[in-house]
Amino acid sequence: QSVNDSKFGKGLQFIAADSSFSLKLGARFQTLYQGSTTSGSGEWKDRLLIRRARLKLEGFAYSPKLEYKIALGLSNNDIGNDNPEMFDNANSIVLDAVAKWHFRPNWELWVGQTKLPGNREHIVSSHKMQFVDRSLLNSRFSLDREAGLQLHHTHQLGQMVLRESAALSMGEGRNIAVNNTGGYSYTAQAEIFPLGEFEGGGAYVGSDIYREESPKLALAAAYNFNDDTNRSQGQLGDFLSGQRDLHTIFVDAMFKYRGFSTMAEFARRSAPDGPVITTTEEGQVDETFVTGDAFNIQAGYLFKSDWEVAGRYTTYNPERETSLLAQEQYTLGLSKYIVGHSLKVQSDVTLQDFPGRDNGYQFRLQLEVAL
Amino acid sequence: QSVNDSKFGKGLQFIAADSSFSLKLGARFQTLYQGSTTSGSGEWKDRLLIRRARLKLEGFAYSPKLEYKIALGLSNNDIGNDNPEMFDNANSIVLDAVAKWHFRPNWELWVGQTKLPGNREHIVSSHKMQFVDRSLLNSRFSLDREAGLQLHHTHQLGQMVLRESAALSMGEGRNIAVNNTGGYSYTAQAEIFPLGEFEGGGAYVGSDIYREESPKLALAAAYNFNDDTNRSQGQLGDFLSGQRDLHTIFVDAMFKYRGFSTMAEFARRSAPDGPVITTTEEGQVDETFVTGDAFNIQAGYLFKSDWEVAGRYTTYNPERETSLLAQEQYTLGLSKYIVGHSLKVQSDVTLQDFPGRDNGYQFRLQLEVAL
Amino acid sequence: QSVNDSKFGKGLQFIAADSSFSLKLGARFQTLYQGSTTSGSGEWKDRLLIRRARLKLEGFAYSPKLEYKIALGLSNNDIGNDNPEMFDNANSIVLDAVAKWHFRPNWELWVGQTKLPGNREHIVSSHKMQFVDRSLLNSRFSLDREAGLQLHHTHQLGQMVLRESAALSMGEGRNIAVNNTGGYSYTAQAEIFPLGEFEGGGAYVGSDIYREESPKLALAAAYNFNDDTNRSQGQLGDFLSGQRDLHTIFVDAMFKYRGFSTMAEFARRSAPDGPVITTTEEGQVDETFVTGDAFNIQAGYLFKSDWEVAGRYTTYNPERETSLLAQEQYTLGLSKYIVGHSLKVQSDVTLQDFPGRDNGYQFRLQLEVAL
């Protein structure tokens, strides 16, 4: 065994003898038990699975001004998809493959595939979440990842820190293997930290792991215009037989102080030409874009023992025209952070309230190990 | 080139400067030539392929009491499957993703996906086999890998060592991407080493690579109850339209002494409600579980030159009701272990005896390189 | 961060403390923008994608006389295919998995899957190309990769260096998961360097990156006989319902001197029993092998600033009988090699001339980052 100057949760870390590149190798996996009542019969259906298994290589190439990141998904849950023909019958192993060029102080140009600057909940790594997984807001409205160009800028105004991001991307999602449909996707995001930056990049970390000694607040808004996409959620979802312009807005806030943390998010997507593409002969919606809005708020308190109790409320309101089902979710989470987010056990219980139908229940329990 | 404190066959080995984690990175591949006579015409059909190509990351996380292992399959032969829709149209890259917690001396709790404590031949790594590949017993009756919980216990009685294992798992196999079918799978195994432990974990290594100076014996029995599974072999095989409870038992023994090694295994699977699910209009079996029994015995002698001659006899007797074909196999193997199992060339010739049909022949030649 | 004795472009490099193995870990990705006019409407269709993302592990195992190489493709573009059923419904992640045994001075035996000794343009790594991607000659006639045996020999005659290679392989391409169709594939190649070897293996590197101080020339010829294959291009292409013997010849030359480089290649494939397998009722070709010839010539000049301007002309002439469309391509390339081929931006513009149809245009811009 050779000694590597690193520590648990930080991966293996190397730097070239001539300082011409660095590489950090990380690996992690999540083992998830998930059970829920099925609608109708109320029967309990469950699974135990490797939810995520990932490898990550990151560092700088040639100059510290040029960072790179390659993140690979390995579990079936990470790499599968429902439309193999749109992906060359290939698994989407590559999550991130991006170069980040710090071309001027406070400015970065990103080239490649990575997360778009959308809602905070999605930017928080799946390795650093406060609950077992992200909320319904995210699964319906997230911009996900996509190949493109991104421009990032940071500046300081007294104690305040501001960040602006803009992205130009293709609009039909990561690893797609066909030509661009319709026009491109345009994203703009602005974020402000009125009380200064969070400890350890904590604005993108679930739970107040670093126990902020002074109150910290982040506020952000993002807007995405997806010009003529054919996927029901823009970058994600089913491939539809028609195209629509989609407009999506996100507004979010995060606050942390002495173990207490809260995050709220609002999302709304609209299709000015109407979300519905096809209806059946009986007039029922057959193909539709996912438009409407959602709101998510969550809060937790991290005890000195590194146990956390957290609650989450999410409401999802698709546009009536889409005939999609509205839903409210009440989630109670209990987590033990053994070594921060690098070694933890998380569980949550969710009450799913479908208006006009029986309630549903879900229980999840997850172990994460992350080098 | 930086020096790594390891040696060939042991992977790259790292430990964090603060001893907070370790990582061993291994890689290996097998190049296989395989030819056989086809039944009927007797024509020779052959292939040359990368049989297995794997990456492995293992070590401890945070504390030596918490070990982890991630093993990835990469070759098409490792990751393909016949029922993409049950796997999210994803390749099953993840073989192992498991955390092993030594919560008390002699006790371990395993959480994640890995091999179930079934038959010895399957627990022996595909990297440490005495022949080019495992026997027909294994391909028909093995419990394979699965996400679940396992409890392992070891204790010593004088010179004797005893191990007991128990596993609770889902029952439909590794990387499955749908909810659990029917009930769970329950496995119990007990193993005894009446003459003490083998050198270098040799009870799970093919051939007497370490040339035991005193006789060593291992005896084990395992039982699996798979509650209402829909796969023809429980954790493996076709997805059937009906479900059955399956009971599988394994009994095995291994003996090694001064270059001589022998292993014998018996397996039997039964379905109390009958193995057959559907028949054609003509009364022929259409869908069936694989029930019946099999016996495998193999022995080899490793010469001082690290050449080994080995023989194997396998008999497979499916229940008559299943209409599956019985088979006997006689295999003669010749191996040259250049550096143990880490660099070796193995070949074997098999006579396949199908009662009432022409005999078949198979020849295989394989090179393995394992860092 | 621990120091690794390597430098950017050379990967992480390790050697075991007892010199029993070495391992070089490399990673790279290409982000490609690609747009072209569609035939007919002339509409601009484009994509932005991770063109290639790869991991590579190579070094020696046990003895410096035994080298190994494992190269993995990760992007959808690398691993997808059109005929999942011929590949076990698996992605072809493994590009190379090969052991190279230097069994005598100047002699090497390769066992496993890797590139066949065919045309130079294919042997030049996709990481070291002079243009954004290889030419039409390569996409129609390359022998690609395949599992097999290869024998390589090098010898010196005064200043001259000669290399001869021979390969025996299966004939239906890499990662195929079914038995061999028809006979095997036989490849022979001879290469001569009349003015001595190129700097840094430059005969297999696009552009005169190393700025040869004296003129360097490489000449090679290769011949492949694919006995009864069923893929339209031998090792590549559609799986056809009939089989043919295919004969393919390659002749190529490369010249480099003080920043100037040129490469020319000729390829011809024939099927003595005729390329066409099936025709429609109207007499139109339905299934055909790709026979005919192609010629490619390219040249570039690398300025002291590491900017390169290069031009390429390719003509592809399928046999009339195949009814495939002939094509001529004129390409102008502009590259900036920031750190050789390890960090570069390349772009090219291509005029596609289809006899009897409208011309087409293609533009490509690619960033490559290679550790």
# chains A, B, ... in the order shown; residues from 1 in each chain; ligands from 1
>>> interface_residues(of="chain C", to="chain B", cutoff="9 Å", atoms="only C-alpha atoms", output="MDAnalysis selection string")
chainID C and resid 3:6 12:24 57 61:62 68 70 72 85 87:94 97:99 111:113 146:148 169:170 174:181
>>> closest_atom_pairs(of="range 193-222 of chain B", to="range 234-254 of chain B", cutoff="8 Å", atoms="only C-alpha atoms", output="CSV")
residue,atom,partner,partner_atom,distance
B:Ala203,CA,B:Met254,CA,6.9
B:Leu217,CA,B:Met254,CA,5.7
B:Ala218,CA,B:Met254,CA,5.1
B:Leu219,CA,B:Ala253,CA,4.5
B:Ala220,CA,B:Asp252,CA,5.3
B:Ala221,CA,B:Val251,CA,4.4
B:Ala222,CA,B:Phe250,CA,5.0
>>> write_last_selection(atoms="all heavy atoms", output="PDB file, in the first residue's frame")
ATOM      1  N   ALA B 203      -9.772 -22.141   0.257  1.00  0.00           N
ATOM      2  CA  ALA B 203     -11.026 -22.887   0.146  1.00  0.00           C
ATOM      3  C   ALA B 203     -11.905 -22.295  -0.950  1.00  0.00           C
ATOM      4  O   ALA B 203     -12.889 -22.901  -1.368  1.00  0.00           O
ATOM      5  CB  ALA B 203     -11.768 -22.863   1.479  1.00  0.00           C
ATOM      6  N   LEU B 217      -9.331 -29.602   4.561  1.00  0.00           N
ATOM      7  CA  LEU B 217     -10.647 -30.042   4.111  1.00  0.00           C
ATOM      8  C   LEU B 217     -11.688 -28.968   4.420  1.00  0.00           C
ATOM      9  O   LEU B 217     -11.639 -28.340   5.480  1.00  0.00           O
ATOM     10  CB  LEU B 217     -11.017 -31.341   4.843  1.00  0.00           C
ATOM     11  CG  LEU B 217     -12.386 -31.953   4.541  1.00  0.00           C
ATOM     12  CD1 LEU B 217     -12.465 -32.455   3.104  1.00  0.00           C
ATOM     13  CD2 LEU B 217     -12.666 -33.104   5.517  1.00  0.00           C
ATOM     14  N   ALA B 218     -12.596 -28.777   3.496  1.00  0.00           N
ATOM     15  CA  ALA B 218     -13.732 -27.880   3.734  1.00  0.00           C
ATOM     16  C   ALA B 218     -15.003 -28.639   3.391  1.00  0.00           C
ATOM     17  O   ALA B 218     -15.049 -29.339   2.375  1.00  0.00           O
ATOM     18  CB  ALA B 218     -13.619 -26.632   2.876  1.00  0.00           C
ATOM     19  N   LEU B 219     -16.001 -28.499   4.241  1.00  0.00           N
ATOM     20  CA  LEU B 219     -17.306 -29.116   3.992  1.00  0.00           C
ATOM     21  C   LEU B 219     -18.361 -28.032   4.163  1.00  0.00           C
ATOM     22  O   LEU B 219     -18.283 -27.252   5.114  1.00  0.00           O
ATOM     23  CB  LEU B 219     -17.578 -30.237   5.003  1.00  0.00           C
ATOM     24  CG  LEU B 219     -16.598 -31.412   4.998  1.00  0.00           C
ATOM     25  CD1 LEU B 219     -16.808 -32.283   6.230  1.00  0.00           C
ATOM     26  CD2 LEU B 219     -16.776 -32.230   3.726  1.00  0.00           C
ATOM     27  N   ALA B 220     -19.312 -27.978   3.249  1.00  0.00           N
ATOM     28  CA  ALA B 220     -20.331 -26.939   3.378  1.00  0.00           C
ATOM     29  C   ALA B 220     -21.674 -27.443   2.895  1.00  0.00           C
ATOM     30  O   ALA B 220     -21.764 -28.344   2.052  1.00  0.00           O
ATOM     31  CB  ALA B 220     -19.927 -25.698   2.592  1.00  0.00           C
ATOM     32  N   ALA B 221     -22.700 -26.847   3.464  1.00  0.00           N
ATOM     33  CA  ALA B 221     -24.060 -27.118   3.007  1.00  0.00           C
ATOM     34  C   ALA B 221     -24.806 -25.797   2.984  1.00  0.00           C
ATOM     35  O   ALA B 221     -24.590 -24.936   3.843  1.00  0.00           O
ATOM     36  CB  ALA B 221     -24.758 -28.096   3.935  1.00  0.00           C
ATOM     37  N   ALA B 222     -25.645 -25.630   1.974  1.00  0.00           N
ATOM     38  CA  ALA B 222     -26.400 -24.381   1.866  1.00  0.00           C
ATOM     39  C   ALA B 222     -27.829 -24.702   1.459  1.00  0.00           C
ATOM     40  O   ALA B 222     -28.096 -25.720   0.799  1.00  0.00           O
ATOM     41  CB  ALA B 222     -25.751 -23.461   0.838  1.00  0.00           C
TER      42      ALA B 222
END
>>> closest_residue(among="B:Gln329, B:Gln346, B:Arg269, B:Thr278", to="Asn359 in chain B", atoms="only C-alpha atoms")
B:Gln329
>>> atom_distance(atom1="CA of Thr314 in chain A", atom2="CA of Pro117 in chain A")
21.4 Å
>>> residues_around(residues="Leu137 in chain C", least_positions_apart="5", cutoff="9 Å", atoms="only C-alpha atoms", output="PDB file with C-alpha atoms, in the first residue's frame")
ATOM      1  CA  GLU C 121      -5.563   6.036 -40.947  1.00  0.00           C
ATOM      2  CA  SER C 142     -11.408  -0.102 -42.366  1.00  0.00           C
ATOM      3  CA  GLU C 265      -4.112   5.942 -48.759  1.00  0.00           C
ATOM      4  CA  PHE C 266      -5.771   3.684 -51.276  1.00  0.00           C
ATOM      5  CA  ALA C 267      -8.225   0.915 -50.453  1.00  0.00           C
ATOM      6  CA  ASP C 293     -12.358   1.503 -53.902  1.00  0.00           C
ATOM      7  CA  ALA C 294     -11.421   4.746 -52.247  1.00  0.00           C
ATOM      8  CA  PHE C 295      -8.504   7.109 -52.211  1.00  0.00           C
ATOM      9  CA  ASN C 296      -7.608   9.621 -49.562  1.00  0.00           C
ATOM     10  CA  THR C 314     -11.225  11.746 -50.545  1.00  0.00           C
ATOM     11  CA  THR C 315     -12.937   9.867 -53.313  1.00  0.00           C
ATOM     12  CA  TYR C 316     -15.109   6.842 -52.742  1.00  0.00           C
TER      13      TYR C 316
END
>>> residues_around(residues="Lys100 in chain B", least_positions_apart="2", cutoff="8 Å", atoms="only C-alpha atoms", output="VMD selection string")
chain B and resid 65 to 68 98 102 108 to 111
>>> closest_residue(among="A:Thr350, A:Ser125, A:Gln233, A:Ser39", to="Arg140 in chain A", atoms="only C-alpha atoms")
A:Gln233
>>> select_by_dssp(residues="range 244-349 of chain B", states="strand (DSSP E or B)", output="count of residues only")
78
>>> atom_distance(atom1="CA of Val285 in chain B", atom2="CA of Asn224 in chain B")
25.5 Å
>>> atom_distance(atom1="CA of Gln130 in chain B", atom2="CA of Asp353 in chain B")
21.6 Å
>>> closest_residue(among="A:Pro105, A:Gly183, A:Pro355, A:Gly40", to="Leu324 in chain A", atoms="only C-alpha atoms")
A:Pro355
>>> decode(residues="range 173-202 of chain B", atoms="N, CA and C atoms", output="PDB file, in the first residue's frame")
ATOM      1  N   GLY B 173     -32.706 -11.787  -8.801  1.00  0.00           N
ATOM      2  CA  GLY B 173     -31.398 -11.629  -9.422  1.00  0.00           C
ATOM      3  C   GLY B 173     -30.840 -10.223  -9.464  1.00  0.00           C
ATOM      4  N   ARG B 174     -29.578 -10.164  -9.861  1.00  0.00           N
ATOM      5  CA  ARG B 174     -28.833  -8.919  -9.811  1.00  0.00           C
ATOM      6  C   ARG B 174     -29.288  -7.896 -10.844  1.00  0.00           C
ATOM      7  N   ASN B 175     -29.268  -6.652 -10.447  1.00  0.00           N
ATOM      8  CA  ASN B 175     -29.536  -5.517 -11.318  1.00  0.00           C
ATOM      9  C   ASN B 175     -30.940  -5.478 -11.910  1.00  0.00           C
ATOM     10  N   ILE B 176     -31.816  -6.284 -11.364  1.00  0.00           N
ATOM     11  CA  ILE B 176     -33.170  -6.254 -11.897  1.00  0.00           C
ATOM     12  C   ILE B 176     -33.776  -4.880 -11.618  1.00  0.00           C
ATOM     13  N   ALA B 177     -34.559  -4.384 -12.573  1.00  0.00           N
ATOM     14  CA  ALA B 177     -35.001  -2.992 -12.487  1.00  0.00           C
ATOM     15  C   ALA B 177     -36.508  -2.869 -12.318  1.00  0.00           C
ATOM     16  N   VAL B 178     -37.106  -3.913 -11.811  1.00  0.00           N
ATOM     17  CA  VAL B 178     -38.547  -3.855 -11.531  1.00  0.00           C
ATOM     18  C   VAL B 178     -38.765  -4.259 -10.071  1.00  0.00           C
ATOM     19  N   ASN B 179     -39.965  -4.014  -9.587  1.00  0.00           N
ATOM     20  CA  ASN B 179     -40.253  -4.382  -8.206  1.00  0.00           C
ATOM     21  C   ASN B 179     -40.146  -5.883  -7.992  1.00  0.00           C
ATOM     22  N   ASN B 180     -39.895  -6.233  -6.766  1.00  0.00           N
ATOM     23  CA  ASN B 180     -39.821  -7.615  -6.340  1.00  0.00           C
ATOM     24  C   ASN B 180     -41.081  -8.384  -6.749  1.00  0.00           C
ATOM     25  N   THR B 181     -40.871  -9.599  -7.243  1.00  0.00           N
ATOM     26  CA  THR B 181     -41.988 -10.474  -7.580  1.00  0.00           C
ATOM     27  C   THR B 181     -42.171 -11.459  -6.443  1.00  0.00           C
ATOM     28  N   GLY B 182     -43.405 -11.675  -6.033  1.00  0.00           N
ATOM     29  CA  GLY B 182     -43.672 -12.629  -4.956  1.00  0.00           C
ATOM     30  C   GLY B 182     -42.922 -12.236  -3.709  1.00  0.00           C
ATOM     31  N   GLY B 183     -42.452 -13.243  -2.969  1.00  0.00           N
ATOM     32  CA  GLY B 183     -41.751 -12.968  -1.725  1.00  0.00           C
ATOM     33  C   GLY B 183     -40.255 -12.844  -1.925  1.00  0.00           C
ATOM     34  N   TYR B 184     -39.533 -12.892  -0.833  1.00  0.00           N
ATOM     35  CA  TYR B 184     -38.094 -12.723  -0.855  1.00  0.00           C
ATOM     36  C   TYR B 184     -37.376 -14.058  -1.032  1.00  0.00           C
ATOM     37  N   SER B 185     -36.066 -13.983  -0.996  1.00  0.00           N
ATOM     38  CA  SER B 185     -35.221 -15.166  -1.071  1.00  0.00           C
ATOM     39  C   SER B 185     -34.433 -15.269   0.229  1.00  0.00           C
ATOM     40  N   TYR B 186     -34.405 -16.485   0.791  1.00  0.00           N
ATOM     41  CA  TYR B 186     -33.735 -16.715   2.082  1.00  0.00           C
ATOM     42  C   TYR B 186     -32.652 -17.774   1.886  1.00  0.00           C
ATOM     43  N   THR B 187     -31.437 -17.455   2.291  1.00  0.00           N
ATOM     44  CA  THR B 187     -30.337 -18.388   2.106  1.00  0.00           C
ATOM     45  C   THR B 187     -29.618 -18.606   3.427  1.00  0.00           C
ATOM     46  N   ALA B 188     -29.270 -19.844   3.709  1.00  0.00           N
ATOM     47  CA  ALA B 188     -28.463 -20.149   4.893  1.00  0.00           C
ATOM     48  C   ALA B 188     -27.353 -21.099   4.470  1.00  0.00           C
ATOM     49  N   GLN B 189     -26.175 -20.877   5.013  1.00  0.00           N
ATOM     50  CA  GLN B 189     -25.049 -21.724   4.654  1.00  0.00           C
ATOM     51  C   GLN B 189     -24.197 -21.985   5.889  1.00  0.00           C
ATOM     52  N   ALA B 190     -23.667 -23.186   6.000  1.00  0.00           N
ATOM     53  CA  ALA B 190     -22.728 -23.485   7.079  1.00  0.00           C
ATOM     54  C   ALA B 190     -21.533 -24.193   6.474  1.00  0.00           C
ATOM     55  N   GLU B 191     -20.370 -23.882   6.996  1.00  0.00           N
ATOM     56  CA  GLU B 191     -19.149 -24.442   6.439  1.00  0.00           C
ATOM     57  C   GLU B 191     -18.227 -24.832   7.594  1.00  0.00           C
ATOM     58  N   ILE B 192     -17.524 -25.911   7.429  1.00  0.00           N
ATOM     59  CA  ILE B 192     -16.606 -26.340   8.479  1.00  0.00           C
ATOM     60  C   ILE B 192     -15.254 -26.720   7.884  1.00  0.00           C
ATOM     61  N   PHE B 193     -14.204 -26.319   8.578  1.00  0.00           N
ATOM     62  CA  PHE B 193     -12.841 -26.673   8.175  1.00  0.00           C
ATOM     63  C   PHE B 193     -12.274 -27.556   9.285  1.00  0.00           C
ATOM     64  N   PRO B 194     -12.456 -28.844   9.235  1.00  0.00           N
ATOM     65  CA  PRO B 194     -12.061 -29.688  10.370  1.00  0.00           C
ATOM     66  C   PRO B 194     -10.555 -29.720  10.606  1.00  0.00           C
ATOM     67  N   LEU B 195      -9.775 -29.425   9.546  1.00  0.00           N
ATOM     68  CA  LEU B 195      -8.315 -29.465   9.682  1.00  0.00           C
ATOM     69  C   LEU B 195      -7.721 -28.063   9.676  1.00  0.00           C
ATOM     70  N   GLY B 196      -8.532 -27.082   9.953  1.00  0.00           N
ATOM     71  CA  GLY B 196      -8.053 -25.694   9.977  1.00  0.00           C
ATOM     72  C   GLY B 196      -8.227 -25.027   8.626  1.00  0.00           C
ATOM     73  N   GLU B 197      -7.988 -23.726   8.617  1.00  0.00           N
ATOM     74  CA  GLU B 197      -8.191 -22.927   7.399  1.00  0.00           C
ATOM     75  C   GLU B 197      -7.145 -23.247   6.326  1.00  0.00           C
ATOM     76  N   PHE B 198      -7.525 -23.051   5.093  1.00  0.00           N
ATOM     77  CA  PHE B 198      -6.625 -23.223   3.964  1.00  0.00           C
ATOM     78  C   PHE B 198      -5.666 -22.027   3.898  1.00  0.00           C
ATOM     79  N   GLU B 199      -4.532 -22.264   3.292  1.00  0.00           N
ATOM     80  CA  GLU B 199      -3.599 -21.168   2.999  1.00  0.00           C
ATOM     81  C   GLU B 199      -4.266 -20.128   2.093  1.00  0.00           C
ATOM     82  N   GLY B 200      -4.030 -18.869   2.385  1.00  0.00           N
ATOM     83  CA  GLY B 200      -4.461 -17.784   1.482  1.00  0.00           C
ATOM     84  C   GLY B 200      -5.898 -17.868   1.025  1.00  0.00           C
ATOM     85  N   GLY B 201      -6.816 -18.228   1.922  1.00  0.00           N
ATOM     86  CA  GLY B 201      -8.224 -18.320   1.547  1.00  0.00           C
ATOM     87  C   GLY B 201      -8.469 -19.366   0.474  1.00  0.00           C
ATOM     88  N   GLY B 202      -7.613 -20.390   0.478  1.00  0.00           N
ATOM     89  CA  GLY B 202      -7.624 -21.384  -0.599  1.00  0.00           C
ATOM     90  C   GLY B 202      -8.882 -22.214  -0.719  1.00  0.00           C
TER      91      GLY B 202
END
